[in-house]
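J.: Got a structure for you, written out below as structure tokens; questions coming shortly.
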Amino acid sequence: KNPVELVRSAPSPYSYSYINQHAARIAGLKIEARKSLAFIAPQSAFKHLTLQASYTINRSKVEALSLPFGYNVQTRMPSQDRPLFNQAPWTFDASLSYDNNLIGFFAFYNTSGPKTFISNTDPNFIEYENGIAQLDMSLYIKCLKNKSRITFNVLNLLNQWHFNYVNPSAYKRTDSGYWKLVNGSVKYNPKDGDVITYRIKQGIHMNIGMTIDF
């Protein structure tokens with residue numbers, strides 16, 4: 001009830017505000033699996049390897065309200081109903097870990113679908129955040145009779161472009177006044193005339209640290 005969203009306040013394209021929408025519904029399904037790789041060769045290094053993966057499907061719908069200009073009372077705008085702000089339609093995670101008495105290794109991969117970054121009363125001007133893939137790795141060495149650990153981390157190895165975009169021609173109004181998605185998807189596609197509004201590369205980050213248990 002009354003979820004909060006970041007909205008671009010028309011008519012000004014540079015005015016933003018947080019508003020309460022009427023209501024929202026979210027439903028999801030997560031499938032997760034975890035498996036030791038010891039079955040490949042029980043007496044080898046495979047016995048220290050574990051593979052884990054999960055996939056989540058998320059469906060959301062927000063019941064939109066008009067923008068609260070001045071002293072106007074917000075009214076329901078069913079023609080504006082759409083997926084909820086900041087909710088990706090799907091996510092996928094996978095990890096591979098290795099751990100023995102001396103060293104350990106961990107790799108984590110994550111990716112997701114596009115999600116609403118800034119909502120708008122005109123769905124063709126909703127700003128989306130693209131889904132990127134990220135890969136992090138960590139290597140550690142145990143020492144001082146397992147009372148200490150030296151860890152080396154490398155984050156964001158793929159270093160993909162992180163960008164926001166709009167779909168200027170993704171929706172059309174029907175005769176009944178409702179918006180209909182005509183491109184089949186809001187996923188970024190330059191062939192449909194989608195426009196990037198902001199982009200950045202976060203860079204690859206590395207650090208090394210040491211922990212000691214007393």
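Residue numbering restarts at 1 in every chain; chains get A, B, ... in the order shown in the structure tokens, and ligands count up from 1 in that same order.
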Could you name the residues that touch Asn86 of chain A at 7 Å or less, counting only C-alpha atoms, but leaving out those on the same chain fewer than 3 positions away, as a VMD selection string?
T.: chain A and resid 115 to 117
J.: Pro83 of chain A: which residues within 6 Å, counting only C-alpha atoms, same-chain residues fewer than 6 positions away excluded, as a PyMOL selection string?
T.: chain A and resi 60-62
J.: Write out as a list in words the residues lying within 10 Å of segment 41-52 of chain A, counting only C-alpha atoms and excluding same-chain residues fewer than 2 positions away.
T.: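 Here the answer would be Glu32, Ala33, Arg34, Lys35, Ser36, Leu37, Ala38, Phe39, Ser54, Asp93, Ala94, Ser95, Leu96, Ser97, Tyr98, Asp99, Asn100, Asn101, Gly104, Phe105, Phe106, Ala107 and Phe108 of chain A.
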J.: Generate the output file for the selected residues, N, CA, C and O atoms, as a short mmCIF file (atom, residue, chain, number, x, y, z; two decimals), in the first residue's frame.
T.:
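out_18.cif was written with the following content:
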```
data_model
loop_
_atom_site.label_atom_id
_atom_site.label_comp_id
_atom_site.auth_asym_id
_atom_site.auth_seq_id
_atom_site.Cartn_x
_atom_site.Cartn_y
_atom_site.Cartn_z
N GLU A 32 16.90 -22.16 -6.69
CA GLU A 32 18.30 -22.15 -6.24
C GLU A 32 18.83 -23.57 -6.18
O GLU A 32 18.11 -24.50 -5.77
N ALA A 33 20.07 -23.75 -6.59
CA ALA A 33 20.71 -25.07 -6.55
C ALA A 33 22.13 -24.94 -6.02
O ALA A 33 22.82 -23.94 -6.30
N ARG A 34 22.55 -25.93 -5.28
CA ARG A 34 23.91 -25.96 -4.73
C ARG A 34 24.43 -27.39 -4.84
O ARG A 34 23.73 -28.33 -4.46
N LYS A 35 25.65 -27.54 -5.38
CA LYS A 35 26.17 -28.88 -5.60
C LYS A 35 27.68 -28.92 -5.40
O LYS A 35 28.43 -28.11 -5.96
N SER A 36 28.13 -29.89 -4.60
CA SER A 36 29.55 -30.14 -4.47
C SER A 36 30.02 -30.90 -5.72
O SER A 36 29.30 -31.76 -6.23
N LEU A 37 31.21 -30.58 -6.19
CA LEU A 37 31.74 -31.26 -7.38
C LEU A 37 32.58 -32.48 -7.03
O LEU A 37 33.29 -33.02 -7.88
N ALA A 38 32.48 -32.94 -5.80
CA ALA A 38 33.26 -34.11 -5.37
C ALA A 38 32.90 -35.36 -6.16
O ALA A 38 33.72 -36.28 -6.30
N PHE A 39 31.67 -35.42 -6.69
CA PHE A 39 31.23 -36.61 -7.43
C PHE A 39 32.06 -36.84 -8.70
O PHE A 39 32.12 -37.96 -9.22
N SER A 54 21.35 -19.44 -8.78
CA SER A 54 19.95 -19.13 -8.49
C SER A 54 19.38 -18.24 -9.59
O SER A 54 20.11 -17.44 -10.20
N ASP A 93 22.24 -15.39 -10.50
CA ASP A 93 23.48 -15.40 -9.73
C ASP A 93 24.13 -16.78 -9.85
O ASP A 93 23.43 -17.80 -9.89
N ALA A 94 25.44 -16.80 -9.87
CA ALA A 94 26.18 -18.06 -9.86
C ALA A 94 27.50 -17.85 -9.13
O ALA A 94 28.10 -16.78 -9.22
N SER A 95 27.93 -18.88 -8.43
CA SER A 95 29.21 -18.78 -7.72
C SER A 95 29.94 -20.11 -7.76
O SER A 95 29.32 -21.18 -7.84
N LEU A 96 31.25 -20.02 -7.69
CA LEU A 96 32.11 -21.20 -7.61
C LEU A 96 33.10 -20.96 -6.49
O LEU A 96 33.79 -19.94 -6.47
N SER A 97 33.16 -21.89 -5.56
CA SER A 97 34.06 -21.72 -4.42
C SER A 97 34.96 -22.93 -4.25
O SER A 97 34.57 -24.06 -4.54
N TYR A 98 36.17 -22.66 -3.76
CA TYR A 98 37.15 -23.70 -3.48
C TYR A 98 37.75 -23.41 -2.11
O TYR A 98 38.15 -22.28 -1.83
N ASP A 99 37.81 -24.42 -1.28
CA ASP A 99 38.34 -24.21 0.07
C ASP A 99 39.01 -25.48 0.57
O ASP A 99 38.41 -26.56 0.58
N ASN A 100 40.29 -25.35 0.97
CA ASN A 100 40.98 -26.47 1.63
C ASN A 100 41.71 -25.92 2.85
O ASN A 100 41.43 -24.82 3.31
N ASN A 101 42.66 -26.67 3.37
CA ASN A 101 43.31 -26.27 4.61
C ASN A 101 44.30 -25.13 4.44
O ASN A 101 44.75 -24.54 5.43
N GLY A 104 41.97 -20.72 -0.53
CA GLY A 104 40.57 -20.69 -0.92
C GLY A 104 40.35 -19.75 -2.08
O GLY A 104 41.15 -18.83 -2.33
N PHE A 105 39.29 -19.98 -2.81
CA PHE A 105 38.97 -19.18 -3.98
C PHE A 105 37.46 -19.04 -4.08
O PHE A 105 36.71 -19.99 -3.80
N PHE A 106 37.01 -17.83 -4.47
CA PHE A 106 35.57 -17.61 -4.61
C PHE A 106 35.33 -16.70 -5.81
O PHE A 106 35.95 -15.64 -5.94
N ALA A 107 34.42 -17.11 -6.70
CA ALA A 107 34.03 -16.29 -7.86
C ALA A 107 32.52 -16.15 -7.84
O ALA A 107 31.79 -17.12 -7.63
N PHE A 108 32.06 -14.92 -8.06
CA PHE A 108 30.63 -14.64 -8.01
C PHE A 108 30.22 -13.87 -9.26
O PHE A 108 30.83 -12.85 -9.60
#
```
J.: Would you please work out which residue, of A:Leu6, A:Leu139, A:Ala64, A:Leu181, is nearest to Arg25 of chain A when using only C-alpha atoms?
T.: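 Using only C-alpha atoms, Arg25 of chain A sits closest to A:Ala64.
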J.: Record the distance separating atom CA of Lys201 of chain A and atom CA of Asn189 of chain A, expressed in Å with one decimal.
T.: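 Calculated distance between atom CA of Lys201 of chain A and atom CA of Asn189 of chain A is 19.4 Å.
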J.: Would you pick out the contacts of Lys172 of chain A at 7 Å or less, using only C-alpha atoms, so that residues sharing its chain but fewer than 5 positions from it are not included, and give the list as a PyMOL selection string?
T.: chain A and resi 179-182
J.: Among segment 45-186 of chain A, which residues does DSSP mark as helix (DSSP H, G or I) when it is run on the backbone? Keep the chain and numbering as in the structure and answer as a list of chain:residue names.
T.: A:Ala45, A:Phe46, A:Lys47, A:His48, A:Pro78, A:Ser79, A:Gln80, A:Pro123, A:Asn124, A:Phe125
J.: Fewer than 6 positions away in the same chain doesn't count, so skip those; otherwise give me all residues within 12 Å of Ile26 of chain A, counting only C-alpha atoms, as a PyMOL selection string.
T.: chain A and resi 1+3+57-63+82-89
J.: Excluding Ser112 of chain A and residues on its chain fewer than 4 positions from it, collect all residues at most 9 Å away from it, counting only C-alpha atoms, and give them as a list in words.
T.: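 Within the cut-off, the hits are Ala88, Pro89, Trp90, Thr91, Phe92, Asp93, Asn130, Gly131, Ile132 and Ala133 of chain A.
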J.: To one decimal place in Å, what is the distance between atom CA of Ile196 of chain A and atom CA of Ile126 of chain A?
T.: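 Straight-line distance from atom CA of Ile196 of chain A to atom CA of Ile126 of chain A works out to 12.0 Å.
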J.: Pick out the residues sitting within 7 Å of Asn164 of chain A, and hand them over as a list in words; count only C-alpha atoms, and ignore anything fewer than 2 positions along from it in its own chain.
T.: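 What passes the distance filter is Glu127, Tyr128, Glu129, Asn130, Ile196, Thr197, Tyr198 and Arg199 of chain A.
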J.: Restricting it to all heavy atoms, dump the selection as a PDB file, in the first residue's frame.
T.:
```pdb
ATOM      1  N   GLU A 127      12.556   6.489 -17.408  1.00  0.00           N
ATOM      2  CA  GLU A 127      13.993   6.233 -17.538  1.00  0.00           C
ATOM      3  C   GLU A 127      14.323   4.889 -16.904  1.00  0.00           C
ATOM      4  O   GLU A 127      13.993   4.642 -15.743  1.00  0.00           O
ATOM      5  CB  GLU A 127      14.786   7.358 -16.872  1.00  0.00           C
ATOM      6  CG  GLU A 127      16.271   7.336 -17.199  1.00  0.00           C
ATOM      7  CD  GLU A 127      16.983   8.609 -16.768  1.00  0.00           C
ATOM      8  OE1 GLU A 127      16.343   9.689 -16.761  1.00  0.00           O
ATOM      9  OE2 GLU A 127      18.176   8.527 -16.439  1.00  0.00           O
ATOM     10  N   TYR A 128      14.960   4.025 -17.673  1.00  0.00           N
ATOM     11  CA  TYR A 128      15.304   2.683 -17.211  1.00  0.00           C
ATOM     12  C   TYR A 128      16.796   2.565 -16.937  1.00  0.00           C
ATOM     13  O   TYR A 128      17.617   3.275 -17.527  1.00  0.00           O
ATOM     14  CB  TYR A 128      14.918   1.637 -18.261  1.00  0.00           C
ATOM     15  CG  TYR A 128      13.438   1.567 -18.560  1.00  0.00           C
ATOM     16  CD1 TYR A 128      12.895   2.284 -19.620  1.00  0.00           C
ATOM     17  CD2 TYR A 128      12.587   0.794 -17.777  1.00  0.00           C
ATOM     18  CE1 TYR A 128      11.535   2.237 -19.890  1.00  0.00           C
ATOM     19  CE2 TYR A 128      11.230   0.740 -18.045  1.00  0.00           C
ATOM     20  CZ  TYR A 128      10.710   1.466 -19.094  1.00  0.00           C
ATOM     21  OH  TYR A 128       9.364   1.416 -19.363  1.00  0.00           O
ATOM     22  N   GLU A 129      17.109   1.655 -16.047  1.00  0.00           N
ATOM     23  CA  GLU A 129      18.502   1.309 -15.760  1.00  0.00           C
ATOM     24  C   GLU A 129      18.778  -0.049 -16.382  1.00  0.00           C
ATOM     25  O   GLU A 129      18.057  -1.009 -16.139  1.00  0.00           O
ATOM     26  CB  GLU A 129      18.717   1.252 -14.245  1.00  0.00           C
ATOM     27  CG  GLU A 129      20.122   0.906 -13.813  1.00  0.00           C
ATOM     28  CD  GLU A 129      20.253   0.812 -12.307  1.00  0.00           C
ATOM     29  OE1 GLU A 129      19.472   1.458 -11.592  1.00  0.00           O
ATOM     30  OE2 GLU A 129      21.139   0.077 -11.845  1.00  0.00           O
ATOM     31  N   ASN A 130      19.791  -0.130 -17.241  1.00  0.00           N
ATOM     32  CA  ASN A 130      20.060  -1.390 -17.926  1.00  0.00           C
ATOM     33  C   ASN A 130      20.564  -2.446 -16.955  1.00  0.00           C
ATOM     34  O   ASN A 130      21.114  -2.144 -15.892  1.00  0.00           O
ATOM     35  CB  ASN A 130      21.088  -1.200 -19.039  1.00  0.00           C
ATOM     36  CG  ASN A 130      22.505  -1.026 -18.490  1.00  0.00           C
ATOM     37  OD1 ASN A 130      22.727  -0.197 -17.617  1.00  0.00           O
ATOM     38  ND2 ASN A 130      23.455  -1.781 -19.007  1.00  0.00           N
ATOM     39  N   ILE A 196      20.107   6.755 -24.861  1.00  0.00           N
ATOM     40  CA  ILE A 196      20.879   6.690 -23.616  1.00  0.00           C
ATOM     41  C   ILE A 196      20.938   8.077 -22.994  1.00  0.00           C
ATOM     42  O   ILE A 196      21.314   9.050 -23.657  1.00  0.00           O
ATOM     43  CB  ILE A 196      22.293   6.151 -23.873  1.00  0.00           C
ATOM     44  CG1 ILE A 196      22.231   4.684 -24.305  1.00  0.00           C
ATOM     45  CG2 ILE A 196      23.161   6.289 -22.624  1.00  0.00           C
ATOM     46  CD1 ILE A 196      23.588   4.093 -24.646  1.00  0.00           C
ATOM     47  N   THR A 197      20.565   8.182 -21.723  1.00  0.00           N
ATOM     48  CA  THR A 197      20.568   9.469 -21.028  1.00  0.00           C
ATOM     49  C   THR A 197      21.781   9.647 -20.118  1.00  0.00           C
ATOM     50  O   THR A 197      22.119  10.765 -19.738  1.00  0.00           O
ATOM     51  CB  THR A 197      19.289   9.617 -20.190  1.00  0.00           C
ATOM     52  OG1 THR A 197      19.211   8.521 -19.247  1.00  0.00           O
ATOM     53  CG2 THR A 197      18.052   9.593 -21.081  1.00  0.00           C
ATOM     54  N   TYR A 198      22.415   8.548 -19.761  1.00  0.00           N
ATOM     55  CA  TYR A 198      23.554   8.624 -18.836  1.00  0.00           C
ATOM     56  C   TYR A 198      24.292   7.296 -18.917  1.00  0.00           C
ATOM     57  O   TYR A 198      23.673   6.239 -19.031  1.00  0.00           O
ATOM     58  CB  TYR A 198      23.058   8.855 -17.406  1.00  0.00           C
ATOM     59  CG  TYR A 198      24.102   8.653 -16.332  1.00  0.00           C
ATOM     60  CD1 TYR A 198      24.984   9.678 -15.978  1.00  0.00           C
ATOM     61  CD2 TYR A 198      24.211   7.437 -15.656  1.00  0.00           C
ATOM     62  CE1 TYR A 198      25.938   9.495 -14.994  1.00  0.00           C
ATOM     63  CE2 TYR A 198      25.170   7.247 -14.665  1.00  0.00           C
ATOM     64  CZ  TYR A 198      26.022   8.275 -14.338  1.00  0.00           C
ATOM     65  OH  TYR A 198      26.970   8.095 -13.360  1.00  0.00           O
ATOM     66  N   ARG A 199      25.618   7.339 -18.879  1.00  0.00           N
ATOM     67  CA  ARG A 199      26.375   6.089 -18.840  1.00  0.00           C
ATOM     68  C   ARG A 199      27.704   6.294 -18.131  1.00  0.00           C
ATOM     69  O   ARG A 199      28.274   7.385 -18.130  1.00  0.00           O
ATOM     70  CB  ARG A 199      26.585   5.514 -20.239  1.00  0.00           C
ATOM     71  CG  ARG A 199      27.553   6.285 -21.128  1.00  0.00           C
ATOM     72  CD  ARG A 199      27.779   5.510 -22.413  1.00  0.00           C
ATOM     73  NE  ARG A 199      28.821   6.122 -23.239  1.00  0.00           N
ATOM     74  CZ  ARG A 199      29.357   5.537 -24.301  1.00  0.00           C
ATOM     75  NH1 ARG A 199      28.940   4.338 -24.662  1.00  0.00           N
ATOM     76  NH2 ARG A 199      30.305   6.136 -24.993  1.00  0.00           N
TER      77      ARG A 199
END
```
J.: Quick one: contact table of segment 100-161 of chain A to segment 17-21 of chain A, 12 Å max, nearest atom pair and distance in Å to one decimal per residue, counting only C-alpha atoms, chain and number order, as JSON lines?
T.:
```
{"residue": "A:Ile118", "atom": "CA", "partner": "A:Ser17", "partner_atom": "CA", "distance": 9.7}
{"residue": "A:Ser119", "atom": "CA", "partner": "A:Tyr18", "partner_atom": "CA", "distance": 9.9}
{"residue": "A:Asn120", "atom": "CA", "partner": "A:Ser17", "partner_atom": "CA", "distance": 10.7}
{"residue": "A:Thr121", "atom": "CA", "partner": "A:Gln21", "partner_atom": "CA", "distance": 11.7}
```
J.: Could you turn the residues from that selection into a file that holds N, CA and C atoms, as a PDB file, in the first residue's frame?
T.:
```pdb
ATOM      1  N   ILE A 118      13.615   6.089 -13.058  1.00  0.00           N
ATOM      2  CA  ILE A 118      12.785   7.262 -12.767  1.00  0.00           C
ATOM      3  C   ILE A 118      11.473   7.094 -13.530  1.00  0.00           C
ATOM      4  N   SER A 119      10.363   7.101 -12.832  1.00  0.00           N
ATOM      5  CA  SER A 119       9.072   6.920 -13.485  1.00  0.00           C
ATOM      6  C   SER A 119       8.568   8.249 -14.055  1.00  0.00           C
ATOM      7  N   ASN A 120       7.519   8.163 -14.878  1.00  0.00           N
ATOM      8  CA  ASN A 120       6.978   9.330 -15.547  1.00  0.00           C
ATOM      9  C   ASN A 120       5.524   9.042 -15.887  1.00  0.00           C
ATOM     10  N   THR A 121       4.687  10.077 -15.928  1.00  0.00           N
ATOM     11  CA  THR A 121       3.287   9.864 -16.279  1.00  0.00           C
ATOM     12  C   THR A 121       3.130   9.455 -17.743  1.00  0.00           C
TER      13      THR A 121
END
```
J.: Of the candidates A:Val186, A:Met206, A:Leu102, A:Ala24, which one gets nearest to Phe152 of chain A if we count only C-alpha atoms?
T.: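 Among the listed residues, A:Met206 lies closest to Phe152 of chain A.
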J.: Based on DSSP run over this structure's backbone, return all residues of chain A in strand (DSSP E or B), as a PyMOL selection string.
T.: chain A and resi 4-8+16-20+23-36+49-63+65+76+82+90-99+103-112+115-119+127-129+134-143+148-155+162-166+171-173+179-181+195-200+205-212
J.: Produce a file of the selected residues containing C-alpha atoms, as a compact mmCIF listing (two decimals), in the first residue's frame.
T.:
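Resulting contents of result-v5.txt:
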```txt
# COMPACT_ATOMS: atom_id res chain seq x y z
CA VAL A 4 7.10 5.49 -2.85
CA GLU A 5 8.57 6.16 -6.30
CA LEU A 6 10.99 8.66 -7.78
CA VAL A 7 9.09 10.56 -10.50
CA ARG A 8 10.08 13.13 -13.08
CA TYR A 16 12.11 15.25 -9.66
CA SER A 17 10.13 14.25 -6.60
CA TYR A 18 9.19 11.23 -4.52
CA ILE A 19 5.46 10.48 -4.49
CA ASN A 20 3.21 7.84 -2.98
CA ALA A 23 -0.74 0.49 -4.30
CA ALA A 24 1.57 -2.15 -5.75
CA ARG A 25 1.75 -5.92 -6.06
CA ILE A 26 4.89 -8.02 -6.33
CA ALA A 27 5.11 -11.76 -6.97
CA GLY A 28 8.24 -13.77 -7.57
CA LEU A 29 9.71 -17.22 -7.89
CA LYS A 30 13.27 -18.16 -6.98
CA ILE A 31 15.01 -21.39 -7.97
CA GLU A 32 18.30 -22.15 -6.24
CA ALA A 33 20.71 -25.07 -6.55
CA ARG A 34 23.91 -25.96 -4.73
CA LYS A 35 26.17 -28.88 -5.60
CA SER A 36 29.55 -30.14 -4.47
CA LEU A 49 34.77 -27.23 -5.13
CA THR A 50 31.14 -26.12 -4.72
CA LEU A 51 28.92 -24.67 -7.43
CA GLN A 52 25.85 -22.60 -6.60
CA ALA A 53 23.32 -20.85 -8.84
CA SER A 54 19.95 -19.13 -8.49
CA TYR A 55 17.40 -17.60 -10.85
CA THR A 56 14.61 -15.27 -9.78
CA ILE A 57 11.57 -14.21 -11.77
CA ASN A 58 9.87 -11.08 -10.47
CA ARG A 59 6.56 -9.61 -11.60
CA SER A 60 5.31 -6.31 -10.20
CA LYS A 61 2.55 -3.81 -10.93
CA VAL A 62 2.08 -0.36 -9.48
CA GLU A 63 -1.32 1.34 -9.39
CA LEU A 65 -1.62 8.18 -9.25
CA ARG A 76 -6.02 7.11 -9.91
CA ARG A 82 3.27 -0.48 -15.03
CA TRP A 90 14.66 -11.33 -13.44
CA THR A 91 18.05 -11.89 -11.81
CA PHE A 92 20.64 -14.63 -12.15
CA ASP A 93 23.48 -15.40 -9.73
CA ALA A 94 26.18 -18.06 -9.86
CA SER A 95 29.21 -18.78 -7.72
CA LEU A 96 32.11 -21.20 -7.61
CA SER A 97 34.06 -21.72 -4.42
CA TYR A 98 37.15 -23.70 -3.48
CA ASP A 99 38.34 -24.21 0.07
CA ILE A 103 44.01 -21.71 0.26
CA GLY A 104 40.57 -20.69 -0.92
CA PHE A 105 38.97 -19.18 -3.98
CA PHE A 106 35.57 -17.61 -4.61
CA ALA A 107 34.03 -16.29 -7.86
CA PHE A 108 30.63 -14.64 -8.01
CA TYR A 109 28.66 -13.71 -11.16
CA ASN A 110 25.47 -11.63 -11.19
CA THR A 111 23.24 -10.20 -13.90
CA SER A 112 19.68 -8.89 -14.12
CA LYS A 115 14.36 -1.84 -14.22
CA THR A 116 12.65 1.51 -13.79
CA PHE A 117 15.05 4.19 -12.54
CA ILE A 118 12.78 7.26 -12.77
CA SER A 119 9.07 6.92 -13.48
CA GLU A 127 13.99 6.23 -17.54
CA TYR A 128 15.30 2.68 -17.21
CA GLU A 129 18.50 1.31 -15.76
CA GLN A 134 29.26 -8.33 -12.87
CA LEU A 135 32.03 -10.76 -11.95
CA ASP A 136 33.91 -10.63 -8.64
CA MET A 137 36.75 -12.91 -7.53
CA SER A 138 38.53 -13.49 -4.24
CA LEU A 139 41.64 -15.51 -3.37
CA TYR A 140 42.79 -16.14 0.16
CA ILE A 141 45.66 -17.89 1.90
CA LYS A 142 45.41 -19.27 5.41
CA CYS A 143 48.42 -18.87 7.72
CA SER A 148 45.11 -15.56 9.99
CA ARG A 149 44.00 -15.05 6.41
CA ILE A 150 45.45 -12.92 3.62
CA THR A 151 42.82 -12.03 1.02
CA PHE A 152 43.12 -10.56 -2.46
CA ASN A 153 39.89 -9.29 -4.07
CA VAL A 154 39.17 -8.23 -7.64
CA LEU A 155 35.75 -6.61 -8.17
CA HIS A 162 26.27 1.01 -16.79
CA PHE A 163 23.69 3.25 -18.44
CA ASN A 164 20.18 4.69 -18.22
CA TYR A 165 17.91 5.09 -21.22
CA VAL A 166 14.38 5.92 -22.40
CA TYR A 171 4.17 2.76 -25.99
CA LYS A 172 1.12 4.00 -27.87
CA ARG A 173 -2.26 5.11 -26.56
CA TRP A 179 -1.01 2.77 -22.95
CA LYS A 180 0.04 -0.35 -24.86
CA LEU A 181 3.58 -1.65 -25.25
CA VAL A 195 18.09 6.98 -26.22
CA ILE A 196 20.88 6.69 -23.62
CA THR A 197 20.57 9.47 -21.03
CA TYR A 198 23.55 8.62 -18.84
CA ARG A 199 26.37 6.09 -18.84
CA ILE A 200 29.45 5.26 -16.81
CA HIS A 205 38.65 -2.51 -8.17
CA MET A 206 41.35 -4.47 -6.35
CA ASN A 207 42.29 -4.69 -2.71
CA ILE A 208 44.31 -6.85 -0.38
CA GLY A 209 43.79 -7.38 3.33
CA MET A 210 44.77 -9.48 6.28
CA THR A 211 42.69 -10.70 9.21
CA ILE A 212 43.94 -12.27 12.43
```
J.: Between atom CA of Ser15 of chain A and atom CA of Pro123 of chain A, what is the distance in Å, rounded to a tenth?
T.: 16.6 Å
